[in-house]
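Participant: See work03.cif below, with mmCIF, C-alpha atoms and all ligand atoms.
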```cif
data_query
loop_
_atom_site.label_atom_id
_atom_site.label_comp_id
_atom_site.auth_asym_id
_atom_site.auth_seq_id
_atom_site.Cartn_x
_atom_site.Cartn_y
_atom_site.Cartn_z
CA MET A 1 19.89 -10.61 -17.16
CA SER A 2 20.74 -7.96 -14.69
CA GLN A 3 21.42 -8.20 -10.98
CA VAL A 4 18.99 -5.55 -9.83
CA SER A 5 15.72 -4.37 -11.37
CA ILE A 6 14.26 -1.01 -10.49
CA VAL A 7 10.47 -0.90 -10.75
CA ALA A 8 8.62 2.40 -11.15
CA PRO A 9 4.86 2.81 -11.70
CA LEU A 10 3.76 5.77 -13.79
CA TYR A 11 0.34 7.32 -14.07
CA ASN A 12 0.11 10.50 -16.14
CA GLU A 13 3.71 11.36 -15.43
CA GLN A 14 4.69 13.06 -18.68
CA ALA A 15 6.04 16.04 -16.76
CA THR A 16 8.30 13.98 -14.51
CA PHE A 17 9.28 11.39 -17.09
CA PRO A 18 12.32 13.18 -18.64
CA HIS A 19 13.71 13.90 -15.16
CA LEU A 20 13.22 10.31 -14.11
CA VAL A 21 15.02 8.95 -17.16
CA LYS A 22 17.87 11.40 -16.72
CA ARG A 23 18.41 10.36 -13.12
CA LEU A 24 18.13 6.66 -13.92
CA ASN A 25 20.51 6.93 -16.87
CA ALA A 26 23.09 8.77 -14.78
CA LEU A 27 22.74 6.12 -12.11
CA MET A 28 23.08 3.17 -14.48
CA ASP A 29 26.01 4.77 -16.32
CA THR A 30 28.04 5.16 -13.15
CA SER A 31 26.93 2.27 -10.98
CA ASP A 32 29.00 -0.87 -10.53
CA LEU A 33 25.78 -2.81 -10.37
CA ASP A 34 24.13 -4.31 -13.38
CA ILE A 35 20.75 -2.59 -13.32
CA ASP A 36 17.65 -2.68 -15.50
CA VAL A 37 14.45 -0.71 -15.16
CA VAL A 38 10.84 -1.84 -15.41
CA LEU A 39 8.44 1.03 -16.07
CA VAL A 40 4.77 0.27 -15.58
CA ASP A 41 2.22 2.46 -17.29
CA ASP A 42 -0.89 2.39 -15.12
CA GLY A 43 -3.31 3.36 -17.87
CA SER A 44 -2.00 6.92 -18.34
CA ARG A 45 -4.06 9.26 -20.47
CA ASP A 46 -1.26 11.65 -21.33
CA GLN A 47 1.95 11.12 -23.29
CA THR A 48 3.55 8.84 -20.67
CA ALA A 49 2.92 5.62 -22.60
CA VAL A 50 4.31 7.03 -25.85
CA MET A 51 7.41 8.30 -24.09
CA MET A 52 7.84 4.94 -22.40
CA SER A 53 7.69 2.91 -25.59
CA ASP A 54 10.10 5.25 -27.37
CA LEU A 55 12.55 4.77 -24.54
CA ALA A 56 12.14 1.00 -24.18
CA LEU A 57 12.47 0.43 -27.92
CA ASN A 58 15.73 2.36 -28.02
CA ASP A 59 17.42 1.49 -24.77
CA PRO A 60 17.85 -2.19 -23.87
CA ARG A 61 18.05 -1.39 -20.16
CA TYR A 62 14.42 -0.31 -20.05
CA HIS A 63 11.39 -2.59 -20.07
CA ALA A 64 7.96 -1.12 -20.52
CA VAL A 65 4.72 -2.69 -19.33
CA PHE A 66 1.39 -1.17 -20.26
CA LEU A 67 -1.62 -2.10 -18.18
CA SER A 68 -5.05 -2.33 -19.79
CA ARG A 69 -6.42 0.49 -17.62
CA ASN A 70 -5.71 2.43 -14.44
CA TYR A 71 -5.47 -0.06 -11.58
CA GLY A 72 -3.87 2.09 -8.91
CA HIS A 73 -0.37 2.37 -7.53
CA GLN A 74 -0.31 -0.89 -5.54
CA THR A 75 -1.45 -3.01 -8.45
CA ALA A 76 0.88 -1.26 -10.87
CA LEU A 77 3.73 -2.15 -8.52
CA THR A 78 2.45 -5.71 -8.34
CA ALA A 79 2.64 -5.94 -12.14
CA GLY A 80 6.15 -4.48 -12.10
CA LEU A 81 7.31 -6.99 -9.52
CA ALA A 82 5.86 -9.84 -11.58
CA VAL A 83 7.74 -8.74 -14.67
CA ALA A 84 11.05 -7.68 -13.07
CA ARG A 85 13.87 -10.06 -13.87
CA GLY A 86 16.63 -8.82 -11.56
CA THR A 87 18.35 -12.00 -10.46
CA GLU A 88 19.44 -10.75 -7.05
CA ALA A 89 17.04 -8.02 -6.08
CA VAL A 90 14.27 -5.66 -7.07
CA MET A 91 14.00 -2.07 -5.90
CA VAL A 92 10.66 -0.28 -5.93
CA ILE A 93 10.51 3.50 -6.36
CA ASP A 94 7.89 6.11 -7.14
CA GLY A 95 8.02 7.51 -10.64
CA ASP A 96 8.01 11.12 -9.44
CA LEU A 97 11.54 10.95 -7.97
CA GLN A 98 10.33 11.34 -4.41
CA ASP A 99 12.38 8.24 -3.67
CA PRO A 100 15.99 8.84 -4.73
CA PRO A 101 16.98 5.91 -7.00
CA GLU A 102 20.65 6.47 -6.10
CA LEU A 103 20.00 4.68 -2.81
CA VAL A 104 20.20 1.46 -4.82
CA THR A 105 23.89 1.28 -3.92
CA SER A 106 23.48 1.45 -0.16
CA PHE A 107 20.39 -0.78 -0.22
CA TYR A 108 22.29 -3.37 -2.19
CA ALA A 109 25.20 -3.19 0.25
CA LYS A 110 22.78 -3.99 3.08
CA LEU A 111 21.36 -6.87 1.09
CA LYS A 112 24.87 -8.27 0.78
CA GLU A 113 25.19 -8.09 4.57
CA GLY A 114 22.49 -10.72 4.70
CA TYR A 115 19.23 -8.80 4.72
CA ASP A 116 16.37 -9.82 2.45
CA VAL A 117 14.40 -6.60 2.69
CA VAL A 118 15.85 -3.13 2.99
CA TYR A 119 13.06 -0.60 3.36
CA ALA A 120 13.36 3.14 3.43
CA VAL A 121 12.19 5.00 6.53
CA ARG A 122 11.19 8.61 6.02
CA GLN A 123 13.03 11.04 8.25
CA LYS A 124 11.38 14.20 7.07
CA ARG A 125 8.44 14.60 4.82
CA LYS A 126 8.28 17.61 2.62
CA GLU A 127 4.53 17.46 2.27
CA GLY A 128 2.05 19.79 3.94
CA ILE A 129 1.40 19.61 7.66
CA VAL A 130 -2.07 18.08 7.28
CA LYS A 131 -0.92 15.19 5.08
CA ARG A 132 2.14 14.70 7.29
CA SER A 133 0.17 14.47 10.51
CA ALA A 134 -2.40 12.20 8.87
CA TYR A 135 0.36 9.78 7.82
CA PHE A 136 2.01 10.04 11.22
CA LEU A 137 -1.17 9.16 13.10
CA PHE A 138 -2.25 6.48 10.65
CA TYR A 139 1.01 4.51 10.87
CA ARG A 140 0.94 4.60 14.65
CA PHE A 141 -2.71 3.60 14.78
CA LEU A 142 -2.11 0.76 12.35
CA ALA A 143 0.92 -0.43 14.32
CA SER A 144 -1.12 -0.52 17.50
CA ILE A 145 -3.93 -2.66 16.07
CA SER A 146 -2.06 -4.74 13.53
CA SER A 147 -1.47 -8.43 14.03
CA ILE A 148 1.96 -8.22 12.41
CA LYS A 149 4.65 -5.63 12.91
CA ILE A 150 4.58 -3.13 10.06
CA PRO A 151 7.48 -0.68 10.34
CA LEU A 152 6.53 2.92 11.10
CA ASP A 153 6.92 5.61 8.45
CA SER A 154 7.95 3.26 5.69
CA GLY A 155 6.25 3.18 2.33
CA ASP A 156 6.77 0.99 -0.67
CA PHE A 157 10.25 2.33 -1.37
CA ALA A 158 12.41 -0.70 -0.66
CA MET A 159 14.73 -3.29 -2.07
CA MET A 160 13.71 -6.92 -1.86
CA SER A 161 15.80 -9.99 -2.52
CA ARG A 162 14.83 -12.30 -5.35
CA ARG A 163 13.33 -14.85 -2.97
CA VAL A 164 11.17 -12.24 -1.25
CA VAL A 165 9.93 -11.01 -4.64
CA ASN A 166 9.10 -14.58 -5.60
CA VAL A 167 7.05 -15.01 -2.45
CA MET A 168 5.31 -11.70 -3.06
CA ASN A 169 4.49 -12.75 -6.64
CA SER A 170 2.92 -15.92 -5.35
CA MET A 171 0.62 -14.13 -2.89
CA PRO A 172 -2.83 -14.06 -4.47
CA GLU A 173 -4.49 -11.44 -2.28
CA GLU A 174 -6.73 -9.15 -4.20
CA SER A 175 -6.61 -5.93 -2.20
CA ARG A 176 -2.92 -5.28 -1.94
CA TYR A 177 -1.07 -3.42 0.74
CA LEU A 178 2.47 -4.16 -0.33
CA ARG A 179 4.33 -2.71 2.64
CA GLY A 180 2.26 -4.93 4.93
CA MET A 181 2.74 -8.02 2.76
CA ARG A 182 6.46 -7.29 2.70
CA SER A 183 6.63 -7.30 6.51
CA TRP A 184 4.51 -10.41 6.69
CA ILE A 185 6.95 -12.35 4.48
CA GLY A 186 9.63 -12.07 7.13
CA PHE A 187 13.32 -13.01 6.69
CA LYS A 188 15.80 -10.40 7.87
CA GLN A 189 14.53 -6.89 7.27
CA ILE A 190 16.11 -3.55 8.02
CA GLY A 191 15.03 0.08 7.77
CA MET A 192 17.28 2.74 6.28
CA PRO A 193 16.56 6.39 7.06
CA TYR A 194 16.20 8.77 4.12
CA GLU A 195 14.73 12.14 3.35
CA ARG A 196 11.76 11.97 1.07
CA ASP A 197 12.10 14.56 -1.68
CA GLU A 198 9.40 16.67 -3.15
CA ARG A 199 7.77 15.48 -6.34
CA ILE A 200 9.94 16.76 -9.20
CA ALA A 201 7.08 17.94 -11.42
CA GLY A 202 3.39 17.43 -12.01
CA GLU A 203 0.68 16.82 -9.45
CA ALA A 204 0.33 14.05 -6.85
CA LYS A 205 -1.80 11.31 -8.38
CA TYR A 206 -3.04 9.96 -5.09
CA SER A 207 -6.34 11.59 -4.32
CA PHE A 208 -7.65 11.74 -0.79
CA LYS A 209 -10.05 8.94 -1.70
CA MET A 210 -7.21 6.68 -2.84
CA LEU A 211 -5.22 7.34 0.33
CA TRP A 212 -8.31 6.55 2.35
CA ARG A 213 -8.68 3.25 0.50
CA LEU A 214 -5.01 2.44 1.04
CA ALA A 215 -5.47 3.10 4.75
CA TYR A 216 -8.54 0.86 4.78
CA ASN A 217 -6.60 -1.95 3.13
CA GLY A 218 -3.84 -1.50 5.67
CA ILE A 219 -6.29 -1.87 8.52
CA PHE A 220 -8.66 -4.56 7.29
CA ASN A 221 -6.05 -6.73 5.58
CA PHE A 222 -3.69 -6.77 8.51
CA SER A 223 -5.79 -6.54 11.60
CA GLU A 224 -8.56 -8.50 13.20
CA TYR A 225 -8.80 -5.83 15.85
CA PRO A 226 -11.87 -4.02 14.44
CA ILE A 227 -13.95 -7.18 14.55
CA LYS A 228 -12.67 -8.10 18.01
CA PHE A 229 -13.39 -4.58 19.12
CA ILE A 230 -17.04 -4.67 18.08
CA THR A 231 -17.56 -8.05 19.73
CA ASN A 232 -16.16 -6.67 22.97
CA LEU A 233 -18.18 -3.52 22.63
CA GLY A 234 -21.30 -5.64 22.19
CA LEU A 235 -20.50 -7.67 25.29
CA TRP A 236 -19.91 -4.57 27.39
CA THR A 237 -23.12 -3.03 26.13
CA LEU A 238 -25.03 -6.16 27.00
CA GLY A 239 -23.51 -6.20 30.48
CA PHE A 240 -24.41 -2.57 30.97
CA ALA A 241 -27.99 -3.18 29.79
CA VAL A 242 -28.47 -6.05 32.24
CA ILE A 243 -27.17 -4.02 35.15
CA TYR A 244 -29.36 -1.10 34.15
CA LEU A 245 -32.39 -3.36 33.96
CA ILE A 246 -31.77 -4.79 37.42
CA TYR A 247 -31.28 -1.29 38.80
CA ASN A 248 -34.62 -0.15 37.37
CA LEU A 249 -36.47 -3.25 38.58
CA VAL A 250 -35.17 -2.67 42.08
CA ARG A 251 -36.27 0.94 41.92
CA LYS A 252 -39.71 -0.05 40.68
CA PHE A 253 -40.45 -2.70 43.26
CA ALA A 254 -38.63 -1.28 46.26
CA TYR A 255 -39.44 2.40 45.89
CA ASP A 256 -42.06 2.45 43.18
CA ASP A 257 -40.40 5.42 41.53
CA VAL A 258 -40.46 4.74 37.83
CA PRO A 259 -37.68 6.47 35.93
CA GLN A 260 -38.97 9.23 33.75
CA GLY A 261 -36.11 9.66 31.32
CA PHE A 262 -37.70 9.57 27.90
CA THR A 263 -34.81 11.58 26.47
CA ALA A 264 -32.37 9.06 27.81
CA THR A 265 -34.28 6.22 26.15
CA ILE A 266 -34.29 7.88 22.78
CA PHE A 267 -30.64 8.78 23.15
CA LEU A 268 -29.66 5.22 23.98
CA ILE A 269 -31.68 3.79 21.10
CA THR A 270 -30.02 6.18 18.67
CA LEU A 271 -26.60 5.60 20.14
CA PHE A 272 -26.78 1.86 19.90
CA SER A 273 -28.35 1.91 16.45
CA GLY A 274 -25.27 3.81 15.42
CA VAL A 275 -23.01 1.29 17.10
CA GLN A 276 -24.84 -1.54 15.36
CA LEU A 277 -24.52 0.09 11.96
CA ILE A 278 -20.81 0.57 12.48
CA ALA A 279 -20.55 -3.06 13.55
CA LEU A 280 -22.36 -4.18 10.42
CA GLY A 281 -20.11 -1.97 8.33
CA ILE A 282 -17.01 -3.54 9.84
CA ILE A 283 -18.30 -7.03 9.17
CA GLY A 284 -19.25 -5.90 5.66
CA GLU A 285 -15.69 -4.70 5.11
CA TYR A 286 -14.34 -8.19 5.77
CA VAL A 287 -17.11 -9.90 3.78
CA LEU A 288 -16.40 -7.59 0.86
CA ARG A 289 -12.79 -8.68 0.91
CA ILE A 290 -13.88 -12.32 0.80
CA PHE A 291 -16.25 -11.50 -2.05
CA PHE A 292 -13.53 -9.94 -4.18
CA GLN A 293 -10.99 -12.61 -3.33
CA VAL A 294 -13.34 -15.46 -4.15
CA LYS A 295 -13.88 -14.16 -7.66
CA GLY A 296 -10.23 -14.97 -8.26
CA ARG A 297 -9.83 -12.45 -11.05
CA PRO A 298 -6.36 -11.66 -12.32
CA LEU A 299 -4.88 -8.77 -10.37
CA PHE A 300 -4.01 -6.87 -13.53
CA ILE A 301 -4.10 -7.27 -17.27
CA ILE A 302 -1.14 -6.34 -19.42
CA ARG A 303 -2.11 -4.70 -22.68
CA GLU A 304 1.35 -4.66 -24.16
CA GLN A 305 4.90 -5.25 -23.15
CA ILE A 306 8.10 -4.07 -24.73
CA LYS A 307 10.91 -6.60 -24.23
CA ASP A 308 10.80 -10.31 -24.00
CA SER A 309 10.28 -10.88 -20.27
CA GLN A 310 7.12 -12.67 -19.35
CA PRO A 311 5.29 -12.02 -16.11
CA VAL A 312 5.35 -14.74 -13.53
CA GLY A 313 2.91 -15.33 -10.71
CA GLN A 314 -0.31 -13.39 -10.79
CA GLY A 315 -1.66 -11.54 -13.76
CA GLU A 316 -2.48 -12.17 -17.34
CA VAL A 317 -0.70 -11.19 -20.51
N1 LIG A 401 0.57 6.02 -9.50
C1 LIG A 401 0.10 4.94 -10.25
N2 LIG A 401 -1.25 4.74 -10.36
C2 LIG A 401 -2.16 5.54 -9.74
C3 LIG A 401 -1.67 6.61 -8.93
C4 LIG A 401 -0.31 6.81 -8.84
O1 LIG A 401 0.88 4.19 -10.83
O2 LIG A 401 -3.34 5.30 -9.89
C5 LIG A 401 2.02 6.24 -9.41
C6 LIG A 401 2.45 7.68 -9.69
O3 LIG A 401 2.66 7.90 -11.06
C7 LIG A 401 3.73 7.79 -8.89
C8 LIG A 401 3.50 6.86 -7.71
O4 LIG A 401 2.43 5.99 -8.09
O5 LIG A 401 4.85 7.31 -9.61
C9 LIG A 401 3.14 7.63 -6.45
O6 LIG A 401 2.04 8.46 -6.72
P1 LIG A 401 1.93 9.93 -6.11
O7 LIG A 401 3.20 10.66 -6.29
O8 LIG A 401 0.71 10.54 -6.68
O9 LIG A 401 1.68 9.58 -4.60
P2 LIG A 401 2.22 10.31 -3.27
O10 LIG A 401 3.65 10.64 -3.52
O11 LIG A 401 1.36 11.48 -3.12
O12 LIG A 401 2.05 9.27 -2.23
MG MG A 402 4.57 11.30 -5.09
#
```
In structure tokens, write the structure found in this file.
Ligand code: UDP
Ligand code: MG
Facilitator:
Amino acid sequence: MSQVSIVAPLYNEQATFPHLVKRLNALMDTSDLDIDVVLVDDGSRDQTAVMMSDLALNDPRYHAVFLSRNYGHQTALTAGLAVARGTEAVMVIDGDLQDPPELVTSFYAKLKEGYDVVYAVRQKRKEGIVKRSAYFLFYRFLASISSIKIPLDSGDFAMMSRRVVNVMNSMPEESRYLRGMRSWIGFKQIGMPYERDERIAGEAKYSFKMLWRLAYNGIFNFSEYPIKFITNLGLWTLGFAVIYLIYNLVRKFAYDDVPQGFTATIFLITLFSGVQLIALGIIGEYVLRIFFQVKGRPLFIIREQIKDSQPVGQGEV
């Protein structure tokens, strides 16, 4: 069993796959660490799965896990973490080489200094300005409303000690936001700056919709602020309505000048209907999470696995 496992999720990555394997091989050939790699096929529809099994059957350092369908990046990582056997640590990277795997050495050195989580902090993003600013704003917004401290500008690229991985594997939450769960676990954590590379080949698999969902999970899984906010908003609105009522009563009885504002009435009704719908939506968001969690379904289903390791924690084989 190796010291460190590297976990990489792959979804339709046939174009990046050869590059990934080349980099990982070069790394494992030269590193002093004893490393193995867990590749997770997240229901790819191209040649990724075939390439993965060829590799895993021929090279003992590679394990291949094939999920029963496409579950999404976070769940694919969850499956990888459940299967990874690295006795000391597990490092999580993207399969498109945006996260340089060579950092395993410096991450591991930090781990040996007594840290349990070493997470990468992006210095520069090489993505377009729109995506960059969206990320920038989102992380700051999330930090300001979140009930736990989630480091800014850090993604899933990180190394976690065996005990942190074990805790993570035992967390049953259905909608997963791994970087948040990782912070929640605690122990000593440290950020390491790095420059995020461009994707080596192929297209980004995260659609806008998926990023939106990830952002939603970040907010609703780690913050009670939205629900507090609507309660407060409701109270303020109520206060305002009472004051407004008193004001109008005084005007009616003291001066007998009835306010005429029909427009204002309609506007207020529309405005507060909107506020109420948003409030219901926010409550719905939390209820939905309870609904999915209560079903207690396995987080992922493994269709096939090459190598002997059995998943622990969540999930079904
Ligand atoms: N990925 C996955 N399942 C998905 C979408 C993406 O396993 O449903 C993998 C993908 O193959 C890549 C990593 O997650 O290795 C990050 O995806 P991508 O590069 O598309 O995301 P971005 O870099 O744009 O955040
Ligand atoms: Mg990418």
Participant: Here is a test: counting all atoms listed in the file, which residue of A:Gln98, A:Gln47, A:Asn248, A:Asn12 is nearest to ligand MG 402 (chain A)?
Facilitator: A:Gln98
Participant: List the neighbours of Arg85 of chain A out to 9 Å using only C-alpha atoms; skip same-chain residues closer than 6 positions along the sequence, and give me the result as a PDB file with C-alpha atoms, in the coordinates of the input.
Facilitator:
```pdb
ATOM      1  CA  MET A   1      19.890 -10.610 -17.160  1.00  0.00           C
ATOM      2  CA  SER A   2      20.740  -7.960 -14.690  1.00  0.00           C
ATOM      3  CA  GLN A   3      21.420  -8.200 -10.980  1.00  0.00           C
ATOM      4  CA  VAL A   4      18.990  -5.550  -9.830  1.00  0.00           C
ATOM      5  CA  SER A   5      15.720  -4.370 -11.370  1.00  0.00           C
ATOM      6  CA  ASP A  36      17.650  -2.680 -15.500  1.00  0.00           C
ATOM      7  CA  VAL A  38      10.840  -1.840 -15.410  1.00  0.00           C
ATOM      8  CA  ARG A 162      14.830 -12.300  -5.350  1.00  0.00           C
ATOM      9  CA  SER A 309      10.280 -10.880 -20.270  1.00  0.00           C
TER      10      SER A 309
END
```
Participant: Report the distance between atom CA of Arg303 of chain A and atom CA of Val37 of chain A in Å, rounded to one decimal place.
Facilitator: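 Those two atoms sit 18.6 Å apart.
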Participant: How would you report the residues lying within 9 Å of ligand MG 402 (chain A), as a PyMOL selection string, if you count all atoms listed in the file?
Facilitator: chain A and resi 94-99+197-200+203-206
Participant: Quick one: what's the axis-aligned box for ligand LIG 401 (chain A), all listed atoms, 8 Å on every side, centre and edges in Å to one decimal, as JSON?
Facilitator:
```
{"center_x": 0.8, "center_y": 7.8, "center_z": -6.6, "size_x": 24.2, "size_y": 23.3, "size_z": 24.8}
```
Participant: Which protein, DNA or RNA residues are at most 12 Å from (-12.3, -8.3, 17.7) in the file's coordinates when you count all atoms listed in the file, listed as a PDB file with C-alpha atoms, in the coordinates of the input?
Facilitator:
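Produced file point.pdb, reproduced below:
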```pdb
ATOM      1  CA  ILE A 145      -3.930  -2.660  16.070  1.00  0.00           C
ATOM      2  CA  SER A 146      -2.060  -4.740  13.530  1.00  0.00           C
ATOM      3  CA  SER A 147      -1.470  -8.430  14.030  1.00  0.00           C
ATOM      4  CA  PHE A 220      -8.660  -4.560   7.290  1.00  0.00           C
ATOM      5  CA  SER A 223      -5.790  -6.540  11.600  1.00  0.00           C
ATOM      6  CA  GLU A 224      -8.560  -8.500  13.200  1.00  0.00           C
ATOM      7  CA  TYR A 225      -8.800  -5.830  15.850  1.00  0.00           C
ATOM      8  CA  PRO A 226     -11.870  -4.020  14.440  1.00  0.00           C
ATOM      9  CA  ILE A 227     -13.950  -7.180  14.550  1.00  0.00           C
ATOM     10  CA  LYS A 228     -12.670  -8.100  18.010  1.00  0.00           C
ATOM     11  CA  PHE A 229     -13.390  -4.580  19.120  1.00  0.00           C
ATOM     12  CA  ILE A 230     -17.040  -4.670  18.080  1.00  0.00           C
ATOM     13  CA  THR A 231     -17.560  -8.050  19.730  1.00  0.00           C
ATOM     14  CA  ASN A 232     -16.160  -6.670  22.970  1.00  0.00           C
ATOM     15  CA  LEU A 233     -18.180  -3.520  22.630  1.00  0.00           C
ATOM     16  CA  GLY A 234     -21.300  -5.640  22.190  1.00  0.00           C
ATOM     17  CA  LEU A 235     -20.500  -7.670  25.290  1.00  0.00           C
ATOM     18  CA  ALA A 279     -20.550  -3.060  13.550  1.00  0.00           C
ATOM     19  CA  ILE A 282     -17.010  -3.540   9.840  1.00  0.00           C
ATOM     20  CA  ILE A 283     -18.300  -7.030   9.170  1.00  0.00           C
TER      21      ILE A 283
END
```
Participant: How far is it from atom CA of Asp256 of chain A to atom CA of Thr237 of chain A, in Å with one decimal?
Facilitator: 26.1 Å
